[in-house]
Structure formats: C-alpha cells, structure tokens
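Colleague: Got run-v1.txt for you, compact mmCIF, C-alpha atoms:
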```
# COMPACT_ATOMS: atom_id res chain seq x y z
CA MET A 1 -18.58 -70.11 -65.61
CA ALA A 2 -17.61 -68.06 -68.66
CA GLU A 3 -19.03 -69.21 -71.95
CA GLY A 4 -16.65 -70.85 -74.37
CA GLU A 5 -12.96 -71.44 -74.00
CA LYS A 6 -9.92 -69.73 -75.37
CA ALA A 7 -6.23 -70.34 -75.24
CA ASP A 8 -5.33 -66.72 -74.52
CA PRO A 9 -7.29 -63.90 -72.89
CA PRO A 10 -8.57 -61.13 -75.18
CA SER A 11 -6.71 -58.41 -73.33
CA ARG A 12 -3.50 -58.20 -71.32
CA ARG A 13 -3.97 -54.72 -69.91
CA ARG A 14 -2.13 -54.01 -66.67
CA ASP A 15 -3.89 -52.25 -63.89
CA ARG A 16 -3.00 -48.58 -64.07
CA LEU A 17 -5.36 -47.47 -61.32
CA ARG A 18 -3.85 -46.19 -58.11
CA ARG A 19 -3.61 -49.23 -55.90
CA ARG A 20 -3.34 -49.11 -52.11
CA SER A 21 -1.76 -51.97 -50.27
CA GLY A 22 -1.39 -52.80 -46.63
CA VAL A 23 2.17 -54.06 -47.13
CA ALA A 24 5.38 -52.53 -48.35
CA ALA A 25 6.40 -52.69 -51.98
CA THR A 26 9.36 -54.89 -51.15
CA PRO A 27 8.12 -58.46 -50.57
CA ALA A 28 8.67 -59.93 -47.13
CA VAL A 29 11.31 -62.60 -46.84
CA ALA A 30 9.42 -64.66 -44.27
CA GLU A 31 7.61 -67.56 -45.91
CA VAL A 32 4.14 -68.55 -44.71
CA PRO A 33 3.38 -72.21 -45.50
CA ARG A 34 0.64 -73.15 -47.91
CA LEU A 35 -2.57 -74.24 -46.17
CA THR A 36 -4.39 -77.16 -47.78
CA ARG A 37 -7.63 -78.97 -47.11
CA TYR A 38 -8.84 -82.16 -48.73
CA VAL A 39 -12.62 -82.23 -49.15
CA GLU A 40 -14.56 -85.46 -49.57
CA ASP A 41 -18.34 -85.47 -49.81
CA GLY A 42 -18.42 -81.89 -48.50
CA ARG A 43 -16.32 -82.62 -45.40
CA PRO A 44 -12.91 -80.87 -45.23
CA SER A 45 -9.93 -82.39 -43.48
CA PRO A 46 -6.25 -81.34 -43.15
CA ALA A 47 -3.95 -82.56 -45.86
CA PRO A 48 -1.32 -85.13 -44.83
CA GLY A 49 1.94 -83.65 -43.65
CA GLY A 50 4.33 -82.88 -46.50
CA ALA A 51 1.64 -83.30 -49.18
CA SER A 52 2.59 -81.51 -52.40
CA VAL A 53 0.35 -79.70 -54.88
CA ALA A 54 0.53 -82.71 -57.18
CA ASP A 55 -0.56 -84.97 -54.30
CA GLY A 56 -3.63 -82.79 -53.86
CA LEU A 57 -4.54 -83.18 -57.50
CA ARG A 58 -4.16 -86.95 -57.33
CA PHE A 59 -6.44 -87.00 -54.29
CA ALA A 60 -9.10 -84.96 -56.12
CA GLU A 61 -8.92 -87.18 -59.19
CA GLY A 62 -9.50 -90.29 -57.05
CA ALA A 63 -13.27 -89.75 -56.80
CA SER A 64 -15.94 -87.42 -58.18
CA ASP A 65 -16.90 -86.12 -54.72
CA ARG A 66 -13.36 -85.04 -53.85
CA MET A 67 -11.74 -81.65 -53.99
CA THR A 68 -8.54 -80.02 -52.80
CA MET A 69 -8.38 -76.44 -51.51
CA SER A 70 -5.15 -74.47 -51.14
CA LEU A 71 -4.53 -71.09 -49.55
CA TYR A 72 -1.27 -69.23 -50.07
CA PRO A 73 -1.10 -66.56 -47.33
CA ARG A 74 2.08 -65.12 -48.83
CA PRO A 75 2.98 -66.86 -52.12
CA THR A 76 6.67 -67.12 -52.89
CA THR A 77 8.24 -67.56 -56.30
CA ALA A 78 9.06 -71.19 -55.51
CA ALA A 79 5.49 -71.91 -54.41
CA ILE A 80 4.08 -70.34 -57.58
CA HIS A 81 6.39 -72.37 -59.77
CA GLU A 82 5.40 -75.56 -57.94
CA LEU A 83 1.73 -74.72 -58.50
CA ALA A 84 2.36 -73.87 -62.14
CA GLU A 85 4.15 -77.16 -62.78
CA ALA A 86 1.54 -79.32 -61.06
CA TRP A 87 -1.43 -77.53 -62.63
CA GLU A 88 0.29 -77.01 -66.01
CA LEU A 89 -0.57 -73.32 -65.93
CA HIS A 90 -0.44 -71.11 -68.99
CA PRO A 91 2.69 -68.88 -69.08
CA LEU A 92 0.51 -65.76 -68.98
CA VAL A 93 -1.12 -66.95 -65.77
CA VAL A 94 2.28 -67.63 -64.25
CA GLU A 95 3.39 -64.14 -65.23
CA ASP A 96 0.33 -62.62 -63.54
CA LEU A 97 0.86 -64.69 -60.41
CA LEU A 98 4.50 -63.66 -60.15
CA HIS A 99 4.07 -59.96 -60.79
CA ALA A 100 0.56 -59.33 -59.39
CA ARG A 101 -0.67 -55.72 -59.65
CA GLN A 102 -3.54 -56.86 -61.86
CA ARG A 103 -6.88 -55.27 -62.60
CA PRO A 104 -9.81 -57.37 -61.27
CA LYS A 105 -10.82 -59.70 -64.05
CA VAL A 106 -12.02 -63.17 -65.06
CA GLU A 107 -10.11 -65.20 -67.65
CA ARG A 108 -10.41 -68.78 -68.85
CA TYR A 109 -7.54 -70.92 -70.07
CA GLY A 110 -8.95 -74.25 -71.21
CA ASP A 111 -10.43 -75.88 -68.09
CA LEU A 112 -8.76 -73.33 -65.80
CA LEU A 113 -10.59 -70.27 -64.52
CA PHE A 114 -8.42 -67.37 -63.33
CA LEU A 115 -9.88 -64.58 -61.22
CA VAL A 116 -8.32 -61.42 -59.82
CA VAL A 117 -10.33 -59.72 -57.08
CA ARG A 118 -9.72 -57.16 -54.35
CA SER A 119 -11.00 -56.91 -50.83
CA ALA A 120 -11.17 -53.68 -48.83
CA TRP A 121 -11.05 -52.62 -45.22
CA TYR A 122 -11.12 -49.24 -43.54
CA VAL A 123 -8.45 -47.79 -41.25
CA ASP A 124 -10.55 -45.31 -39.31
CA ALA A 125 -7.64 -43.58 -37.55
CA GLU A 126 -6.16 -42.62 -40.92
CA GLU A 127 -9.46 -42.46 -42.86
CA ASP A 128 -7.85 -44.79 -45.37
CA VAL A 129 -9.42 -47.48 -47.57
CA VAL A 130 -6.86 -50.26 -47.99
CA LEU A 131 -7.19 -52.78 -50.82
CA ALA A 132 -5.74 -56.29 -50.95
CA GLU A 133 -5.31 -58.30 -54.14
CA PHE A 134 -6.23 -61.97 -54.44
CA HIS A 135 -5.67 -64.41 -57.30
CA VAL A 136 -8.06 -67.35 -57.49
CA LEU A 137 -7.39 -70.42 -59.66
CA VAL A 138 -10.16 -72.93 -60.29
CA ARG A 139 -9.98 -76.22 -62.15
CA PRO A 140 -11.99 -79.44 -61.90
CA GLY A 141 -11.57 -80.77 -58.36
CA ALA A 142 -9.22 -78.04 -57.15
CA VAL A 143 -9.18 -74.38 -56.12
CA ALA A 144 -6.27 -72.21 -55.00
CA VAL A 145 -6.35 -68.72 -53.46
CA LEU A 146 -3.21 -66.59 -53.41
CA CYS A 147 -3.01 -63.56 -51.08
CA GLN A 148 -0.77 -61.36 -53.20
CA ASP A 149 -0.46 -58.64 -50.55
CA GLY A 150 0.17 -60.97 -47.63
CA ARG A 151 -3.17 -60.02 -46.07
CA TRP A 152 -6.52 -61.68 -45.65
CA ILE A 153 -9.87 -60.17 -46.63
CA ASP A 154 -10.13 -58.05 -43.48
CA GLY A 155 -6.47 -57.07 -43.37
CA THR A 156 -5.32 -59.90 -41.11
CA PRO A 157 -1.57 -60.43 -41.62
CA ALA A 158 -0.51 -63.61 -43.39
CA GLU A 159 1.34 -64.82 -40.29
CA ARG A 160 -1.98 -65.31 -38.50
CA LEU A 161 -3.34 -67.63 -41.19
CA ASP A 162 -1.81 -70.84 -39.95
CA GLU A 163 -3.09 -74.36 -39.43
CA SER A 164 -4.50 -73.51 -36.01
CA THR A 165 -6.87 -70.90 -37.46
CA PHE A 166 -7.64 -72.37 -40.86
CA GLY A 167 -11.25 -73.50 -40.70
CA SER A 168 -11.96 -72.15 -37.23
CA GLU A 169 -11.46 -68.39 -37.44
CA GLU A 170 -13.70 -66.04 -39.40
CA GLU A 171 -10.89 -65.33 -41.86
CA ALA A 172 -10.67 -68.96 -42.92
CA ARG A 173 -14.39 -69.70 -42.97
CA ALA A 174 -14.62 -67.56 -46.10
CA LEU A 175 -13.14 -70.59 -47.91
CA LEU A 176 -15.05 -73.25 -46.00
CA PRO A 177 -18.80 -72.94 -46.57
CA GLY A 178 -21.20 -75.58 -45.30
CA GLU A 179 -21.03 -79.18 -46.42
CA ASP A 180 -23.99 -78.74 -48.76
CA LEU A 181 -22.14 -76.06 -50.70
CA LEU A 182 -18.79 -77.85 -50.64
CA ARG A 183 -20.45 -80.84 -52.28
CA LEU A 184 -21.09 -78.59 -55.30
CA GLY A 185 -17.38 -78.37 -56.08
CA PRO A 186 -14.69 -75.69 -56.39
CA GLU A 187 -17.14 -73.14 -57.80
CA ALA A 188 -18.90 -73.09 -54.43
CA VAL A 189 -15.66 -72.04 -52.77
CA VAL A 190 -15.22 -69.24 -55.32
CA TYR A 191 -18.71 -67.89 -54.79
CA ARG A 192 -18.35 -68.08 -51.01
CA PHE A 193 -15.05 -66.24 -51.25
CA LEU A 194 -16.58 -63.49 -53.41
CA ASP A 195 -19.46 -63.19 -50.96
CA ALA A 196 -17.03 -62.73 -48.06
CA ILE A 197 -15.21 -59.98 -49.96
CA VAL A 198 -18.43 -58.17 -50.82
CA ASP A 199 -19.65 -58.47 -47.22
CA GLY A 200 -16.36 -56.86 -46.19
CA TYR A 201 -17.33 -53.73 -48.11
CA THR A 202 -20.12 -53.01 -45.60
CA PRO A 203 -17.91 -52.01 -42.62
CA VAL A 204 -15.81 -49.91 -45.00
CA LEU A 205 -18.89 -47.98 -46.09
CA GLN A 206 -20.01 -47.63 -42.48
CA GLY A 207 -16.65 -46.07 -41.60
CA VAL A 208 -16.92 -43.69 -44.56
CA ALA A 209 -20.47 -42.73 -43.51
CA ILE A 210 -19.34 -41.86 -39.97
CA ASP A 211 -16.48 -39.71 -41.26
CA LYS A 212 -18.81 -38.02 -43.72
CA GLU A 213 -21.16 -37.01 -40.89
CA GLN A 214 -18.21 -35.67 -38.90
CA ILE A 215 -17.09 -33.64 -41.90
CA GLU A 216 -20.57 -32.15 -42.30
CA ARG A 217 -20.50 -30.87 -38.71
CA GLN A 218 -16.94 -29.64 -39.22
CA VAL A 219 -17.95 -27.67 -42.32
CA PHE A 220 -20.67 -25.72 -40.51
CA SER A 221 -18.41 -25.10 -37.52
CA GLY A 222 -16.11 -23.09 -39.76
CA ASP A 223 -13.03 -25.29 -39.39
CA ALA A 224 -10.51 -24.14 -41.98
CA ALA A 225 -8.85 -27.60 -42.16
CA VAL A 226 -12.01 -29.37 -43.34
CA ALA A 227 -11.31 -28.90 -47.07
CA GLU A 228 -8.22 -31.12 -46.93
CA ARG A 229 -10.18 -33.77 -45.04
CA ILE A 230 -12.92 -33.68 -47.66
CA TYR A 231 -10.39 -34.19 -50.45
CA ARG A 232 -8.74 -37.10 -48.62
CA LEU A 233 -12.01 -38.87 -47.92
CA SER A 234 -13.16 -38.27 -51.50
CA GLN A 235 -10.03 -40.04 -52.74
CA GLU A 236 -10.76 -43.01 -50.49
CA VAL A 237 -14.32 -43.15 -51.81
CA ILE A 238 -12.96 -43.13 -55.36
CA ASP A 239 -10.70 -46.06 -54.45
CA MET A 240 -13.71 -47.86 -53.04
CA GLN A 241 -15.67 -47.11 -56.20
CA HIS A 242 -12.90 -48.65 -58.28
CA ALA A 243 -13.03 -51.77 -56.09
CA THR A 244 -16.82 -52.20 -56.28
CA SER A 245 -17.08 -51.44 -60.00
CA SER A 246 -14.29 -53.90 -60.80
CA MET A 247 -15.89 -56.55 -58.61
CA THR A 248 -19.16 -55.95 -60.45
CA GLU A 249 -17.42 -56.78 -63.71
CA VAL A 250 -16.09 -60.01 -62.20
CA VAL A 251 -19.46 -61.10 -60.81
CA GLU A 252 -21.27 -60.23 -64.03
CA ALA A 253 -18.73 -62.21 -66.03
CA LEU A 254 -19.38 -65.23 -63.81
CA ARG A 255 -23.14 -64.77 -64.05
CA ALA A 256 -22.92 -64.55 -67.83
CA GLY A 257 -21.70 -68.17 -67.86
CA SER A 258 -23.90 -69.46 -65.05
CA ALA A 259 -26.35 -71.08 -67.44
CA GLU A 260 -23.97 -73.91 -68.28
CA PRO A 261 -25.37 -77.32 -67.28
CA ALA A 262 -22.40 -78.02 -65.01
CA ILE A 263 -23.33 -75.13 -62.72
CA ALA A 264 -25.78 -76.11 -60.04
CA THR A 265 -28.94 -74.07 -59.51
CA GLU A 266 -27.97 -73.50 -55.88
CA LEU A 267 -24.79 -71.74 -57.02
CA GLN A 268 -26.68 -69.57 -59.48
CA THR A 269 -28.90 -68.41 -56.63
CA TYR A 270 -25.87 -67.89 -54.40
CA LEU A 271 -24.16 -65.75 -57.03
CA GLN A 272 -27.34 -63.72 -57.48
CA ASP A 273 -27.24 -62.95 -53.76
CA VAL A 274 -23.62 -61.79 -54.09
CA SER A 275 -24.64 -59.58 -57.00
CA ASP A 276 -27.48 -58.04 -54.97
CA HIS A 277 -25.17 -57.18 -52.07
CA LEU A 278 -22.62 -55.75 -54.47
CA THR A 279 -25.26 -53.61 -56.18
CA ARG A 280 -26.24 -52.07 -52.85
CA ALA A 281 -22.59 -51.42 -51.98
CA THR A 282 -21.97 -49.81 -55.38
CA ALA A 283 -25.02 -47.57 -54.96
CA ARG A 284 -23.87 -46.44 -51.52
CA VAL A 285 -20.40 -45.63 -52.80
CA ALA A 286 -21.90 -43.50 -55.57
CA GLU A 287 -24.08 -41.71 -53.00
CA TYR A 288 -21.11 -40.97 -50.77
CA ARG A 289 -19.06 -39.64 -53.66
CA GLU A 290 -21.91 -37.34 -54.71
CA ALA A 291 -22.52 -36.26 -51.10
CA LEU A 292 -18.85 -35.38 -50.59
CA GLY A 293 -18.92 -33.35 -53.79
CA GLN A 294 -21.92 -31.43 -52.47
CA ILE A 295 -20.24 -30.94 -49.09
CA LEU A 296 -17.19 -29.54 -50.85
CA ASP A 297 -19.41 -27.09 -52.77
CA VAL A 298 -21.14 -26.02 -49.55
CA ASN A 299 -17.79 -25.54 -47.84
CA ALA A 300 -16.56 -23.42 -50.76
CA THR A 301 -19.71 -21.31 -50.53
CA LEU A 302 -19.30 -20.82 -46.79
CA VAL A 303 -15.63 -19.93 -47.19
CA ALA A 304 -16.52 -17.39 -49.89
CA HIS A 305 -19.22 -15.95 -47.65
CA ARG A 306 -16.80 -15.60 -44.74
CA GLN A 307 -14.22 -14.01 -47.00
CA ASN A 308 -16.86 -11.60 -48.28
CA GLU A 309 -17.74 -10.64 -44.71
CA ASP A 310 -14.09 -10.06 -43.94
CA MET A 311 -13.69 -7.93 -47.04
CA LYS A 312 -16.70 -5.83 -46.03
CA LYS A 313 -15.15 -5.17 -42.62
CA ILE A 314 -11.79 -4.34 -44.14
CA SER A 315 -13.43 -1.99 -46.65
CA GLY A 316 -15.46 -0.31 -43.89
CA TRP A 317 -12.45 0.36 -41.70
CA ALA A 318 -10.50 1.57 -44.72
CA ALA A 319 -13.25 4.11 -45.48
CA ILE A 320 -13.37 5.25 -41.84
CA LEU A 321 -9.62 5.79 -41.79
CA PHE A 322 -9.78 7.56 -45.16
CA ALA A 323 -12.04 10.36 -43.82
CA PRO A 324 -9.53 11.87 -41.31
CA THR A 325 -6.75 11.25 -43.81
CA LEU A 326 -8.64 13.37 -46.37
CA VAL A 327 -9.09 16.28 -43.95
CA ALA A 328 -5.46 16.10 -42.88
CA ALA A 329 -4.37 16.03 -46.53
CA VAL A 330 -6.38 19.15 -47.38
CA TYR A 331 -4.84 21.18 -44.59
CA GLY A 332 -1.42 19.81 -45.27
CA MET A 333 -1.15 21.32 -48.77
CA ASN A 334 0.71 24.42 -47.42
CA PHE A 335 -0.92 27.02 -49.68
CA ASP A 336 -0.27 30.64 -48.67
CA VAL A 337 -3.94 31.59 -48.71
CA MET A 338 -5.72 29.18 -46.33
CA PRO A 339 -7.71 31.21 -43.81
CA GLU A 340 -8.22 28.30 -41.44
CA LEU A 341 -4.48 28.02 -40.89
CA HIS A 342 -4.44 31.36 -39.08
CA TRP A 343 -7.76 30.87 -37.34
CA VAL A 344 -7.61 30.17 -33.61
CA PHE A 345 -10.27 27.43 -33.94
CA GLY A 346 -8.80 25.92 -37.10
CA TYR A 347 -7.13 22.94 -35.43
CA PRO A 348 -10.19 22.05 -33.24
CA MET A 349 -12.39 22.33 -36.34
CA ALA A 350 -10.16 19.96 -38.35
CA VAL A 351 -10.08 17.39 -35.56
CA THR A 352 -13.86 17.69 -35.15
CA LEU A 353 -14.34 17.07 -38.88
CA MET A 354 -12.12 13.96 -38.72
CA VAL A 355 -14.00 12.53 -35.76
CA ALA A 356 -17.41 13.43 -37.19
CA PHE A 357 -16.72 11.83 -40.56
CA SER A 358 -15.39 8.68 -38.87
CA VAL A 359 -18.40 8.40 -36.53
CA VAL A 360 -20.90 8.94 -39.35
CA LEU A 361 -19.25 6.30 -41.54
CA PHE A 362 -19.06 3.84 -38.64
CA VAL A 363 -22.80 4.27 -37.94
CA VAL A 364 -23.64 3.82 -41.62
CA PHE A 365 -21.55 0.67 -41.95
CA LYS A 366 -22.86 -0.71 -38.67
CA ARG A 367 -26.46 -0.37 -39.83
CA GLY A 368 -25.52 -1.99 -43.14
CA ARG A 369 -23.95 -4.89 -41.20
CA TRP A 370 -20.53 -4.24 -42.62
CA MET A 371 -18.98 -3.93 -39.18
```
Translate this file's structure into structure tokens.

Modeller:
Amino acid sequence: MAEGEKADPPSRRRDRLRRRSGVAATPAVAEVPRLTRYVEDGRPSPAPGGASVADGLRFAEGASDRMTMSLYPRPTTAAIHELAEAWELHPLVVEDLLHARQRPKVERYGDLLFLVVRSAWYVDAEEDVVLAEFHVLVRPGAVAVLCQDGRWIDGTPAERLDESTFGSEEEARALLPGEDLLRLGPEAVVYRFLDAIVDGYTPVLQGVAIDKEQIERQVFSGDAAVAERIYRLSQEVIDMQHATSSMTEVVEALRAGSAEPAIATELQTYLQDVSDHLTRATARVAEYREALGQILDVNATLVAHRQNEDMKKISGWAAILFAPTLVAAVYGMNFDVMPELHWVFGYPMAVTLMVAFSVVLFVVFKRGRWM
C-alpha cells in the first residue's frame, strides 16, 4: 500500500471536474440492504442473517485467514454512520462518504486505506460516457465498497445487486476473485475490483471507436449536422480521459507502496497487469481525442471549401446579372443627345448587348468552374 502513515491527508481538494452520473442528483429513498460475505481460507460464504458491521469485524479478528467483505449498493446516511462507528473512521472519511463527489484518490488514515475510483460505461444511443463513483475502505481483515451513485461498474442499478446475484452474476464476481487470491487478504479484493473497472473501459472505447468511424463517413458525405456530433463525442472522450488519468494516479499510488513486506508478490504482479491494461486504455483515449480534433479540422476545411464554391457561384451570377443592368442603366440616363434612342434598331441592339454580355460571362465562368 502507500508508504508511511499519516493522520490527515495532505490535500482536501474537492472534485471540480464535470461529473456525469447515471442517477438523479436527489438521492433515492429506497434502501438497498448491505451485502456481506465472510471469507475463511479463501472461501466466501453469506453472513448470518442480521449480522452487523461490528459482527463482521469480530469474525475477521477471530483468525488470521478470515476476512469480511461488504458491498453497499446504495449507502444511506444510517448505514454510513454504522460503518463509521464500527470501523472508528476518521471524521474526514465520514465527510467524504456522506457527501461523495470526490476526485479519484488514495488516502491512508492509520491502518485504514481509503480509495475513490470511477467506473465508466457507454450509452451508445445517446453517445454518452457515464461515470459512477465508488468509495473503497480497506483495513486489516475487512474491505467495504460503497456505490455512491447507486450503480454497479457496468451501470447495473443497485436494486439488482441483491443476495441472489451476489457472487453468481458478473457484477458481483468483481469482488470475489478465486480462492487463491482471496487468501491474500483484503488487498486482493481491491486489486480485483480495480481490474474490473479498468476492463470496463474497453467496451466504452469500442463504442467511441464505432461512433468515430461513423462521424468520419458523415463528414465526407457533407452532413451539416456533423459538427455538433463531433463536439459532443469530443466531450465524452474528455470525460473518459479524466477517468483514465485519475485511475492512473490511483494505481500508481498503490504501486508506489507495493514494496512493503506485507504485500504478496502475487498481488504486485496482479497490480502490474492492471497498470498495463490502464496504460493501453489511456493511450487509446488520447488517440481518439487527437483523431476527433483532426476530424473537426477536416470538417472545417470542407465546410470552408463548400462555402467558397457557393460564393464563386453567387459572384458569377451577380456578374452575369450586372451586364444587362449596366446596358439598361446607360440607356436609362435620359440625355437629350443619345442617337440610339431615336434609332429604329436601338432597342434590339440594347437587348442583344445584354444577352451577349451575359452569355460571354457565363461561358467564361463555366470554363473557370465557377458555375
């Protein structure tokens, strides 16, 4: 974990980045029960009915190969206060848990490790990257995960994370790695959870890639609405870049303390694998952001070219219409001495001049590809 210990974190900055959430700002009133598993020698089992957070800690303290795992699908104020009392949480941690909206980070309070991370999933119909915030608390023999947005890693609503799915569905297996890893303690659960979040970035990037290809075809088809779509997708890519860069900081902070003797070699290797996947995801996000910037430049160039072509046509027709207007203006000056006014062929000559000038200009512009 992180090297050294401190009573207070070095910084209490709130997250000021634009944060997308799959739930409304007003918290839901429906409570989703806490899901708990007792782990002994790497084998998880349901907690006894009515077991409290303090009961879980007493179970974990009963033997060195025991651990308790808790998942809060939608943490309520009462549940957070119960957790804070049983775990003797620092007031700053309690404040973060109650108010959420935190920047991804890693902080240590004595023997407690506090992580804030965000998962992402892609809503293809809306071309929207949605982020969900998770708070992870780790102490000797215990780990707790709080879904601050009432969603799981892939956007699954909290109501679906019940006892019937915990440990059997894909959403819950993110917290239940194999027995070999569970024997390594709560840190194994944390690393498996981070790996599941990072793996969830892949389908998001695949969705962005498909939309990017569609936008490229739309640009060259001359669709006038493509610029807005480019801007929207660029904003989603920026959101994704914030998520991956913040997760990189979290993983690097964990890796910086991975040399402690208490951390097993298997977990160091596991975290390295998470870092590798995250590096690839971060690189792809940067590529997509750069590609969308280039697509926007190309679209601007094509729009300018089309506007230039339109202006050439408008200018050409204006010149063609100016020729007969000039002739008509000359003979409309009403001077007393204008021989053509009294000539029998004056009118046919004026009309002929108008038509001739217009035809000559049209031929010239046509050859110059202005028409």

Colleague: So, counting only C-alpha atoms, which residue among A:Ala47, A:Met247, A:Leu278, A:Gly141 is closest to Ala63 in chain A?

Modeller: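 Checking each candidate against Ala63 in chain A, we get A:Gly141 as the closest.
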
Colleague: With distances taken over all atoms listed in the file, which residue among A:Arg139, A:Lys105, A:Lys312, A:His342 lies nearest Ala60 in chain A?

Modeller: A:Arg139

Colleague: Compile the contact shell of Glu179 in chain A as a PyMOL selection string: residues with an atom at most 8 Å away, counting all atoms listed in the file, same-chain residues fewer than 6 positions apart removed.

Modeller: chain A and resi 41-43

Colleague: Could you list, as a ChimeraX atom specification, every residue within 6 Å of range 143-159 of chain A, counting only C-alpha atoms and ignoring same-chain residues fewer than 5 positions away?

Modeller: /A:69-74,119,121,132-138,186

Colleague: Nearest to Ile230 in chain A: which of A:Ala256, A:Tyr201, A:Asp180, A:Glu290 is it, counting all atoms listed in the file?

Modeller: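 Nearest candidate to Ile230 in chain A out of A:Ala256, A:Tyr201, A:Asp180, A:Glu290: A:Glu290.
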
Colleague: In Å, rounded to a single decimal, give me how far CA of Val117 in chain A is from CA of Glu266 in chain A.

Modeller: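 Atom-to-atom, CA of Glu266 in chain A and CA of Val117 in chain A are spaced 22.4 Å apart.
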
Colleague: Would you pick out the contacts of Ala227 in chain A at 8 Å or less, using all atoms listed in the file, so that residues sharing its chain but fewer than 3 positions from it are not included, and give the list as a ChimeraX atom specification?

Modeller: /A:224,230-231,296,299

Colleague: Report, in Å with one decimal, the straight-line distance from CA of Gly110 in chain A to CA of Ala78 in chain A.

Modeller: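 These two atoms are separated by 24.1 Å.
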
Colleague: Find the distance between CA of Ala100 in chain A and CA of Phe114 in chain A and write it in Å to one decimal.

Modeller: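 Separating CA of Ala100 in chain A from CA of Phe114 in chain A is a distance of 12.7 Å.
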
Colleague: Report as JSON the centre and the edge lengths, in Å to one decimal, of the axis-aligned box holding every listed atom of range 79-92 of chain A, padded by 4 Å on each side.

Modeller:
```
{"center_x": 2.5, "center_y": -72.5, "center_z": -61.7, "size_x": 15.8, "size_y": 21.6, "size_z": 22.7}
```
